[in-house]
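Only one structure is covered here, and it is reproduced in the block below.
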Amino acid sequence: IFFSIRSFFFFFQAEDGIRDPLWSRGLGDVYKRQGINAEYMGFLNILAMKSALKELVVDVYSDIACPWCYVGKKKFMMAKQTFLKEKPDCKINVNWHAYMIDPATKQLGEDYMAYNVRRWGGDGWTHSLKSAGKKVGATFANWKTWPNTFLAHCLILSASKQGKGDEVLEEVFRLCYEAGENVSDPSTLDNVATKFGLSGDWKSNEIKQAVKEDDRTGKEELDIQGVPYFIINNKEALEGAQDSSTFVKAFGKYLKQHLSLIHI
């Protein structure tokens with residue numbers, strides 16, 4: 001994205017305004033011979049770039065074993081839908097990244113209450129969580145297991161590569177918190193892969209290594225201390241399960257910054 005913007009200025013910006021990028025490469029004469037107005041072609045190129053700048057990219061670090069990430073995703077997706085309804089010519093591309101809060105969780109997960117007692121002495125902390133979640137459709141109706149999320153992240157990464165990351169992540173959250181399923185179990189995840197028609201080996205060594213690298217990047221390079229963590233256009237981050245209105249405002253802010261780079 002940033003490379004594209006810099007390239008835009010290199011080809012389009014001049015001291016006296018916007019120039020036709022192809023003219024500077026000697027193609028202006030070709031346009032003339034073909035009866036094409038070079039200034040008009042330059043204008044069309046600018047419009048194309050302006051359209052590209054209406055695309056926002058959001059990188060989200062989250063964990064299935066993070067109930068606030070489930071709530072945060074609900075709020076984020078509501079905000080995305082609201083924003084795109086108001087700005088139908090825009091796009092918001094979402095990249096889901098793995099972040100494992102407790103990779104020491106037993107490989108096949110742990111009993112919900114046993115885990116809570118071991119970590120926090122009980123599950124009293126979930127009362128406010130469930131209250132907040134209920135407002136956005138995260139009811140936590142049947143939460144039985146605290147999962148080890150490594151394989152779930154592998155499945156989600158594989159799904160993302162096939163353009164199905166949003167749907168598969170939502171399904172894994174649903175199974176974990178609403179359907180009482182153990183998403184640490186490979187057979188449960190295999191069923192999800194089949195349901196969404198995923199191809200290839202989602203448990204491959206390549207996918208596993210990529211998940212580990214994603215987790216390392218979030219913790220070591222970005223110094224993320226908690227999730228969900230949303231990075232818009234590789235700039236400022238929003239931490240936690242923010243209200244949908246907060247996301248909508250952030251989308252508008254960065255879209256405005258993008259479009260301010262071009263004046264026609």
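Chain identifiers are assigned as A, B, and so on, following the order in which chains appear in the structure tokens; residues are numbered from 1 within each chain, and ligands are numbered from 1 in order of appearance.
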Please, which residues of stretch 45-105 of chain A, numbered as in this document, come out strand (DSSP E or B) from DSSP, as a list in words?
Glu55, Leu56, Val57, Val58, Asp59, Val60, Tyr61, Ser62, Lys91, Ile92, Asn93, Val94, Asn95, Trp96, His97 and Ala98 of chain A
Using the selection just defined, write its residues with N, CA and C atoms as a short mmCIF file (atom, residue, chain, number, x, y, z; two decimals), in the first residue's frame.
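And here is the file that came out, again34.cif:
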data_model
loop_
_atom_site.label_atom_id
_atom_site.label_comp_id
_atom_site.auth_asym_id
_atom_site.auth_seq_id
_atom_site.Cartn_x
_atom_site.Cartn_y
_atom_site.Cartn_z
N GLU A 55 -9.38 1.57 -0.50
CA GLU A 55 -9.27 0.27 0.14
C GLU A 55 -8.50 0.41 1.45
N LEU A 56 -9.09 -0.04 2.54
CA LEU A 56 -8.44 -0.05 3.83
C LEU A 56 -8.00 -1.47 4.15
N VAL A 57 -6.89 -1.60 4.85
CA VAL A 57 -6.40 -2.91 5.27
C VAL A 57 -6.33 -2.94 6.79
N VAL A 58 -6.96 -3.94 7.37
CA VAL A 58 -6.96 -4.10 8.82
C VAL A 58 -6.31 -5.44 9.16
N ASP A 59 -5.25 -5.38 9.95
CA ASP A 59 -4.59 -6.59 10.45
C ASP A 59 -5.06 -6.82 11.87
N VAL A 60 -5.63 -8.01 12.10
CA VAL A 60 -6.21 -8.31 13.41
C VAL A 60 -5.47 -9.48 14.04
N TYR A 61 -4.95 -9.24 15.24
CA TYR A 61 -4.35 -10.32 16.04
C TYR A 61 -5.38 -10.74 17.07
N SER A 62 -5.69 -12.03 17.09
CA SER A 62 -6.69 -12.52 18.03
C SER A 62 -6.43 -13.99 18.33
N LYS A 91 -13.55 -0.50 0.14
CA LYS A 91 -13.28 -1.89 0.49
C LYS A 91 -12.49 -1.93 1.80
N ILE A 92 -12.76 -2.93 2.62
CA ILE A 92 -11.98 -3.15 3.83
C ILE A 92 -11.47 -4.58 3.78
N ASN A 93 -10.19 -4.73 3.58
CA ASN A 93 -9.57 -6.04 3.53
C ASN A 93 -9.03 -6.40 4.91
N VAL A 94 -9.41 -7.57 5.41
CA VAL A 94 -9.04 -7.98 6.77
C VAL A 94 -8.07 -9.16 6.72
N ASN A 95 -6.97 -9.03 7.43
CA ASN A 95 -6.00 -10.12 7.58
C ASN A 95 -6.04 -10.60 9.03
N TRP A 96 -6.41 -11.87 9.23
CA TRP A 96 -6.48 -12.43 10.58
C TRP A 96 -5.14 -13.07 10.93
N HIS A 97 -4.60 -12.67 12.07
CA HIS A 97 -3.29 -13.17 12.50
C HIS A 97 -3.41 -13.98 13.78
N ALA A 98 -2.56 -15.00 13.87
CA ALA A 98 -2.58 -15.87 15.05
C ALA A 98 -1.87 -15.21 16.23
#
_Could you list, as a count of residues only, every residue within 9 Å of A:Asp166, counting only C-alpha atoms and ignoring same-chain residues fewer than 3 positions away?_
9
### Task
Could you give me, as number ranges by chain, each residue of stretch 137-214 of chain A that DSSP assigns to helix (DSSP H, G or I) when run on this structure's backbone?
A: 150-161, 165-177, 186-195, 205-214
Shortest contact to A:Gly218, candidates A:Ile231, A:Ala138, A:Leu108, A:Cys66, atoms counted only C-alpha atoms, goes to A:Ile231
Nearest to A:Ser158, restricted to only C-alpha atoms and choosing among A:Thr194, A:Ser204, A:Thr126, A:Asn116, comes out as A:Ser204
All residues 8 Å or closer to stretch 75-86 of chain A, only C-alpha atoms, same chain fewer than 4 positions away omitted, as a PyMOL selection string
chain A and resi 71+90-92+136+241-245+247-248+251
Residues from the last selection, all heavy atoms, saved as a CSV table (one decimal), in the first residue's frame:
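Output saved as part_20.csv:
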chain,number,residue,atom,x,y,z
A,71,VAL,N,-16.2,-11.4,21.1
A,71,VAL,CA,-17.0,-10.2,21.2
A,71,VAL,C,-16.5,-9.1,20.3
A,71,VAL,O,-17.2,-8.5,19.5
A,71,VAL,CB,-17.1,-9.7,22.6
A,71,VAL,CG1,-17.9,-8.4,22.7
A,71,VAL,CG2,-17.7,-10.8,23.5
A,90,CYS,N,-16.1,1.7,-1.2
A,90,CYS,CA,-14.9,1.4,-0.5
A,90,CYS,C,-14.7,-0.1,-0.2
A,90,CYS,O,-15.7,-0.9,-0.4
A,90,CYS,CB,-14.9,2.1,0.9
A,90,CYS,SG,-14.8,3.9,0.8
A,91,LYS,N,-13.5,-0.5,0.1
A,91,LYS,CA,-13.3,-1.9,0.5
A,91,LYS,C,-12.5,-1.9,1.8
A,91,LYS,O,-11.7,-1.1,2.0
A,91,LYS,CB,-12.5,-2.6,-0.6
A,91,LYS,CG,-13.2,-2.8,-1.9
A,91,LYS,CD,-12.3,-3.6,-2.9
A,91,LYS,CE,-13.1,-3.8,-4.2
A,91,LYS,NZ,-12.2,-4.5,-5.2
A,92,ILE,N,-12.8,-2.9,2.6
A,92,ILE,CA,-12.0,-3.1,3.8
A,92,ILE,C,-11.5,-4.6,3.8
A,92,ILE,O,-12.3,-5.5,3.9
A,92,ILE,CB,-12.8,-2.9,5.1
A,92,ILE,CG1,-13.3,-1.5,5.2
A,92,ILE,CG2,-12.0,-3.2,6.3
A,92,ILE,CD1,-14.2,-1.2,6.4
A,136,VAL,N,-24.3,-8.1,21.3
A,136,VAL,CA,-23.9,-8.2,19.9
A,136,VAL,C,-24.0,-9.6,19.3
A,136,VAL,O,-23.5,-10.0,18.3
A,136,VAL,CB,-22.4,-7.7,19.7
A,136,VAL,CG1,-22.3,-6.2,20.0
A,136,VAL,CG2,-21.5,-8.5,20.6
A,241,ALA,N,-12.0,-5.1,22.7
A,241,ALA,CA,-13.3,-5.2,22.0
A,241,ALA,C,-14.0,-3.8,22.0
A,241,ALA,O,-14.9,-3.6,22.7
A,241,ALA,CB,-14.2,-6.2,22.7
A,242,GLN,N,-13.5,-3.0,21.1
A,242,GLN,CA,-14.0,-1.6,21.0
A,242,GLN,C,-15.5,-1.6,20.6
A,242,GLN,O,-16.0,-2.5,19.9
A,242,GLN,CB,-13.2,-0.8,20.1
A,242,GLN,CG,-11.7,-0.7,20.4
A,242,GLN,CD,-11.5,0.3,21.5
A,242,GLN,OE1,-12.3,1.2,21.8
A,242,GLN,NE2,-10.3,0.3,22.1
A,243,ASP,N,-16.2,-0.5,20.9
A,243,ASP,CA,-17.5,-0.3,20.4
A,243,ASP,C,-17.5,-0.2,18.8
A,243,ASP,O,-16.5,0.3,18.3
A,243,ASP,CB,-18.2,0.9,20.9
A,243,ASP,CG,-18.6,0.7,22.4
A,243,ASP,OD1,-18.7,-0.4,22.8
A,243,ASP,OD2,-18.7,1.8,23.1
A,244,SER,N,-18.5,-0.6,18.2
A,244,SER,CA,-18.6,-0.5,16.7
A,244,SER,C,-18.4,0.9,16.2
A,244,SER,O,-17.7,1.1,15.2
A,244,SER,CB,-19.9,-1.1,16.2
A,244,SER,OG,-20.0,-2.4,16.5
A,245,SER,N,-18.9,1.9,17.0
A,245,SER,CA,-18.8,3.3,16.6
A,245,SER,C,-17.3,3.7,16.5
A,245,SER,O,-16.9,4.5,15.7
A,245,SER,CB,-19.6,4.2,17.5
A,245,SER,OG,-19.1,4.0,18.8
A,247,PHE,N,-14.7,1.8,15.7
A,247,PHE,CA,-14.2,1.3,14.5
A,247,PHE,C,-14.6,2.1,13.3
A,247,PHE,O,-13.8,2.4,12.4
A,247,PHE,CB,-14.6,-0.2,14.3
A,247,PHE,CG,-13.9,-1.2,15.2
A,247,PHE,CD1,-14.7,-1.9,16.1
A,247,PHE,CD2,-12.6,-1.4,15.2
A,247,PHE,CE1,-14.1,-2.8,17.0
A,247,PHE,CE2,-11.9,-2.3,16.1
A,247,PHE,CZ,-12.7,-3.0,16.9
A,248,VAL,N,-15.9,2.5,13.3
A,248,VAL,CA,-16.4,3.3,12.1
A,248,VAL,C,-15.7,4.6,12.0
A,248,VAL,O,-15.3,5.0,10.9
A,248,VAL,CB,-17.9,3.5,12.3
A,248,VAL,CG1,-18.4,4.5,11.3
A,248,VAL,CG2,-18.7,2.2,12.1
A,251,PHE,N,-12.2,3.9,10.7
A,251,PHE,CA,-12.2,3.7,9.2
A,251,PHE,C,-12.3,5.0,8.5
A,251,PHE,O,-11.6,5.3,7.5
A,251,PHE,CB,-13.4,2.8,8.8
A,251,PHE,CG,-13.4,1.4,9.4
A,251,PHE,CD1,-14.6,0.7,9.6
A,251,PHE,CD2,-12.2,0.8,9.7
A,251,PHE,CE1,-14.6,-0.5,10.1
A,251,PHE,CE2,-12.2,-0.5,10.3
A,251,PHE,CZ,-13.4,-1.1,10.5
How far is it from atom CA of A:Glu220 to atom CA of A:Leu255, in Å with one decimal?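 Interatomic distance, atom CA of A:Glu220 to atom CA of A:Leu255: 29.0 Å.
With only C-alpha atoms as the atoms that count, the minimum distance from A:Tyr112 to the choices A:Lys235, A:Lys135, A:Lys144, A:Lys256 is reached by A:Lys144.
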Kindly indicate which residue among A:Asp123, A:Asp190, A:Cys154, A:Ala141 lies nearest to A:Arg174, using only C-alpha atoms for the distances.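 That would be A:Ala141, the residue with the smallest distance to A:Arg174.
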Here atom CA of A:Trp68 and atom CA of A:Ala152 stand apart by 16.8 Å
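For the atom pair formed by atom CA of A:Pro186 and atom CA of A:Leu151, the distance is 7.2 Å, given to one decimal.
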Exercise for review: Write out as a list in words the residues lying within 10 Å of A:Ile207, counting only C-alpha atoms and excluding same-chain residues fewer than 2 positions away.
Suggested key: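 Surrounding residues, per the criterion: Leu151, His153, Cys154, Leu155, Ile156, Leu157, Ser158, Asp201, Trp202, Lys203, Ser204, Asn205, Gln209, Ala210, Val211, Lys212 and Glu213 of chain A.
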Give the answer as one residue: which of A:Tyr254, A:Asp215, A:Glu206, A:Glu178 has the shortest atom-to-atom distance to A:Lys134, using only C-alpha atoms?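 Closest candidate: A:Glu178.
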For A:Gly165, the closest of A:Asn191, A:Trp120, A:Lys54, A:Phe196 counting only C-alpha atoms is A:Phe196
query: Which neighbours of A:Thr145 fall inside 10 Å, counting only C-alpha atoms, when residues of the same chain fewer than 2 positions from it are skipped, and could you give them as a ChimeraX atom specification?
result: /A:65,108-115,142-143,147-148,176-177,180-184
